[in-house]
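To start, the structure itself, in structure tokens.
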Amino acid sequence: MKIYTKTGDEGTTGLFGGRRVSKSSPRIAAYGDIDELNAVLGVVIAHSNQNIIQSTLRQIQNHLFILGAQLASPSADPKIERITSAHIDFLERQMDVMTESLPPLTHSILPGGSKTAAHLHLARTVCRRAERNVVYLSQLPEEPVDNWVMMYINRLSDFLFVFSRLINQLEKVSDIEWVPQKR
């Protein structure tokens, strides 16, 4: 099968179900951001040999594939797997376990620390952009978005923040505290 179809040469793309939309549509922007986030997580995985990174982020990449397919299928197609409360519970359980071993957060921290943590912070910011675009999409009357999708993306950005802190701890690199400049 050829990867190129030429059907997008005019600036449109197909959603699941066959409907064609502009490549600049809010729906395409939303699941494009999810695809970008998934790629950033792939970079984190490629640059780390830690088992916790490999196993946890692979699961999240699979969740993001489900979420992207769900966004590409605006109608509730029974053949398309859906994000559910179980996916959100997974993130919350992971954060609860990670938080137990982390020192309390007393100051804002700057994105960075180890290379892996810095990449996780980048993933977090891409996740926040995806969230903004999904929320925008959900506010359009003709573009339904399942609430579980919005909840998952919101929780995922929190997860990536906590995970970056854990990775810094595991790699023995301190979080970088933000210090306000005095005038």
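Residue numbers start at 1 in each chain; chains themselves are named A, B, ... in the order of the structure tokens; ligands are numbered from 1 in the order shown.
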Sorted by chain and rising residue number, list the residues of segment 32-70 of chain A at most 12 Å from segment 170-175 of chain A (counting only C-alpha atoms), each with its closest atom pair and distance in Å to one decimal, as JSON lines.
{"residue": "A:Ser48", "atom": "CA", "partner": "A:Glu171", "partner_atom": "CA", "distance": 10.9}
{"residue": "A:Asn49", "atom": "CA", "partner": "A:Glu171", "partner_atom": "CA", "distance": 11.7}
{"residue": "A:Gln50", "atom": "CA", "partner": "A:Leu170", "partner_atom": "CA", "distance": 9.6}
{"residue": "A:Asn51", "atom": "CA", "partner": "A:Leu170", "partner_atom": "CA", "distance": 11.7}
{"residue": "A:Ile52", "atom": "CA", "partner": "A:Leu170", "partner_atom": "CA", "distance": 10.2}
{"residue": "A:Ile53", "atom": "CA", "partner": "A:Leu170", "partner_atom": "CA", "distance": 11.1}
* Contact residues around Ile45 of chain A with only C-alpha atoms at 12 Å, ignoring same-chain residues under 3 positions, as a PyMOL selection string -> chain A and resi 38-42+48-61+115-117+119-120+123
* Asked: Of the residues A:Pro104, A:Glu142, A:Met150, A:Asp158, which is the one nearest to Ala130 of chain A, using only C-alpha atoms?
  -> A:Met150
* To do: Pick out each residue of chain A that DSSP on the backbone tags as helix (DSSP H, G or I); I need them as number ranges by chain.
  => A: 26-46, 51-71, 85-100, 115-138, 147-170
* Asked: Between A:Lys182, A:Arg27, A:Arg82, A:Arg165, which is the closest to Glu143 of chain A once you count only C-alpha atoms?
  ->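 Looking only at the distances to Glu143 of chain A, the closest residue turns out to be A:Arg27.
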Pick out the residues sitting within 7 Å of segment 177-179 of chain A, and hand them over as a PDB file with N, CA and C atoms, in the first residue's frame; count only C-alpha atoms, and ignore anything fewer than 3 positions along from it in its own chain.
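Dumped everything to part_9.pdb:
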ATOM      1  N   HIS A 107       8.012  25.820  46.086  1.00  0.00           N
ATOM      2  CA  HIS A 107       8.228  26.939  45.174  1.00  0.00           C
ATOM      3  C   HIS A 107       7.863  26.490  43.766  1.00  0.00           C
ATOM      4  N   SER A 108       7.623  27.463  42.914  1.00  0.00           N
ATOM      5  CA  SER A 108       7.468  27.130  41.500  1.00  0.00           C
ATOM      6  C   SER A 108       8.816  26.647  40.987  1.00  0.00           C
ATOM      7  N   ILE A 109       8.782  25.754  40.013  1.00  0.00           N
ATOM      8  CA  ILE A 109      10.040  25.281  39.444  1.00  0.00           C
ATOM      9  C   ILE A 109      10.075  25.628  37.960  1.00  0.00           C
ATOM     10  N   LEU A 110      11.293  25.815  37.484  1.00  0.00           N
ATOM     11  CA  LEU A 110      11.499  26.095  36.075  1.00  0.00           C
ATOM     12  C   LEU A 110      11.596  24.773  35.314  1.00  0.00           C
TER      13      LEU A 110
END
* atom CA of Ser157 of chain A and atom CA of Met95 of chain A, how far apart in Å? ->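 The value is 11.1 Å.
Minimum distance to Arg129 of chain A across A:Ala72, A:Val43, A:Leu37, A:Ile28 (counting only C-alpha atoms) occurs at A:Leu37.
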* Determine which residues of chain A receive a DSSP assignment of strand (DSSP E), computed from the backbone, and state them as a list in words. =>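 Residues meeting the strand (DSSP E) criterion: Thr12, Thr13, Gly14, Arg20, Val21, Ser22, Ile109, Leu110, Ile176 and Glu177 of chain A.
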Dump of all heavy atoms for the selected residues, as a PDB file, in the first residue's frame:
ATOM      1  N   THR A  12      -7.434  19.340   2.072  1.00  0.00           N
ATOM      2  CA  THR A  12      -8.433  18.684   2.916  1.00  0.00           C
ATOM      3  C   THR A  12      -7.890  17.342   3.382  1.00  0.00           C
ATOM      4  O   THR A  12      -6.927  16.820   2.827  1.00  0.00           O
ATOM      5  CB  THR A  12      -9.766  18.463   2.171  1.00  0.00           C
ATOM      6  OG1 THR A  12      -9.548  17.566   1.082  1.00  0.00           O
ATOM      7  CG2 THR A  12     -10.351  19.773   1.680  1.00  0.00           C
ATOM      8  N   THR A  13      -8.531  16.815   4.402  1.00  0.00           N
ATOM      9  CA  THR A  13      -8.184  15.496   4.905  1.00  0.00           C
ATOM     10  C   THR A  13      -9.474  14.790   5.315  1.00  0.00           C
ATOM     11  O   THR A  13     -10.496  15.434   5.545  1.00  0.00           O
ATOM     12  CB  THR A  13      -7.183  15.578   6.089  1.00  0.00           C
ATOM     13  OG1 THR A  13      -6.686  14.276   6.372  1.00  0.00           O
ATOM     14  CG2 THR A  13      -7.830  16.177   7.328  1.00  0.00           C
ATOM     15  N   GLY A  14      -9.396  13.483   5.404  1.00  0.00           N
ATOM     16  CA  GLY A  14     -10.582  12.714   5.749  1.00  0.00           C
ATOM     17  C   GLY A  14     -10.615  12.335   7.214  1.00  0.00           C
ATOM     18  O   GLY A  14      -9.596  11.965   7.795  1.00  0.00           O
ATOM     19  N   ARG A  20     -14.787  14.822   4.685  1.00  0.00           N
ATOM     20  CA  ARG A  20     -13.568  15.568   4.407  1.00  0.00           C
ATOM     21  C   ARG A  20     -13.682  16.953   5.017  1.00  0.00           C
ATOM     22  O   ARG A  20     -14.738  17.586   4.956  1.00  0.00           O
ATOM     23  CB  ARG A  20     -13.315  15.651   2.901  1.00  0.00           C
ATOM     24  CG  ARG A  20     -13.082  14.237   2.337  1.00  0.00           C
ATOM     25  CD  ARG A  20     -12.268  14.199   1.075  1.00  0.00           C
ATOM     26  NE  ARG A  20     -10.916  14.691   1.156  1.00  0.00           N
ATOM     27  CZ  ARG A  20      -9.857  14.014   1.612  1.00  0.00           C
ATOM     28  NH1 ARG A  20      -9.986  12.790   2.073  1.00  0.00           N
ATOM     29  NH2 ARG A  20      -8.655  14.536   1.577  1.00  0.00           N
ATOM     30  N   VAL A  21     -12.582  17.403   5.618  1.00  0.00           N
ATOM     31  CA  VAL A  21     -12.544  18.724   6.230  1.00  0.00           C
ATOM     32  C   VAL A  21     -11.230  19.401   5.856  1.00  0.00           C
ATOM     33  O   VAL A  21     -10.267  18.752   5.460  1.00  0.00           O
ATOM     34  CB  VAL A  21     -12.679  18.653   7.776  1.00  0.00           C
ATOM     35  CG1 VAL A  21     -14.020  18.077   8.190  1.00  0.00           C
ATOM     36  CG2 VAL A  21     -11.539  17.872   8.392  1.00  0.00           C
ATOM     37  N   SER A  22     -11.195  20.717   6.029  1.00  0.00           N
ATOM     38  CA  SER A  22      -9.978  21.476   5.779  1.00  0.00           C
ATOM     39  C   SER A  22      -8.888  21.046   6.761  1.00  0.00           C
ATOM     40  O   SER A  22      -9.170  20.785   7.936  1.00  0.00           O
ATOM     41  CB  SER A  22     -10.259  22.971   5.941  1.00  0.00           C
ATOM     42  OG  SER A  22      -9.047  23.702   5.911  1.00  0.00           O
ATOM     43  N   ILE A 109       8.782  25.754  40.013  1.00  0.00           N
ATOM     44  CA  ILE A 109      10.040  25.281  39.444  1.00  0.00           C
ATOM     45  C   ILE A 109      10.075  25.628  37.960  1.00  0.00           C
ATOM     46  O   ILE A 109       9.049  25.726  37.299  1.00  0.00           O
ATOM     47  CB  ILE A 109      10.269  23.772  39.665  1.00  0.00           C
ATOM     48  CG1 ILE A 109       9.216  22.935  38.965  1.00  0.00           C
ATOM     49  CG2 ILE A 109      10.346  23.451  41.138  1.00  0.00           C
ATOM     50  CD1 ILE A 109       9.540  21.452  38.952  1.00  0.00           C
ATOM     51  N   LEU A 110      11.293  25.815  37.484  1.00  0.00           N
ATOM     52  CA  LEU A 110      11.499  26.095  36.075  1.00  0.00           C
ATOM     53  C   LEU A 110      11.596  24.773  35.314  1.00  0.00           C
ATOM     54  O   LEU A 110      12.103  23.780  35.852  1.00  0.00           O
ATOM     55  CB  LEU A 110      12.792  26.895  35.872  1.00  0.00           C
ATOM     56  CG  LEU A 110      12.821  28.280  36.516  1.00  0.00           C
ATOM     57  CD1 LEU A 110      14.208  28.904  36.381  1.00  0.00           C
ATOM     58  CD2 LEU A 110      11.764  29.175  35.889  1.00  0.00           C
ATOM     59  N   ILE A 176      14.802  22.916  39.414  1.00  0.00           N
ATOM     60  CA  ILE A 176      15.312  24.288  39.398  1.00  0.00           C
ATOM     61  C   ILE A 176      14.212  25.202  39.925  1.00  0.00           C
ATOM     62  O   ILE A 176      13.183  25.385  39.282  1.00  0.00           O
ATOM     63  CB  ILE A 176      15.719  24.712  37.979  1.00  0.00           C
ATOM     64  CG1 ILE A 176      16.716  23.701  37.389  1.00  0.00           C
ATOM     65  CG2 ILE A 176      16.297  26.108  37.972  1.00  0.00           C
ATOM     66  CD1 ILE A 176      16.877  23.819  35.892  1.00  0.00           C
ATOM     67  N   GLU A 177      14.428  25.731  41.110  1.00  0.00           N
ATOM     68  CA  GLU A 177      13.426  26.602  41.708  1.00  0.00           C
ATOM     69  C   GLU A 177      13.421  27.957  41.006  1.00  0.00           C
ATOM     70  O   GLU A 177      14.470  28.505  40.670  1.00  0.00           O
ATOM     71  CB  GLU A 177      13.699  26.810  43.197  1.00  0.00           C
ATOM     72  CG  GLU A 177      13.390  25.597  44.034  1.00  0.00           C
ATOM     73  CD  GLU A 177      13.466  25.896  45.529  1.00  0.00           C
ATOM     74  OE1 GLU A 177      13.618  27.069  45.923  1.00  0.00           O
ATOM     75  OE2 GLU A 177      13.365  24.928  46.283  1.00  0.00           O
TER      76      GLU A 177
END
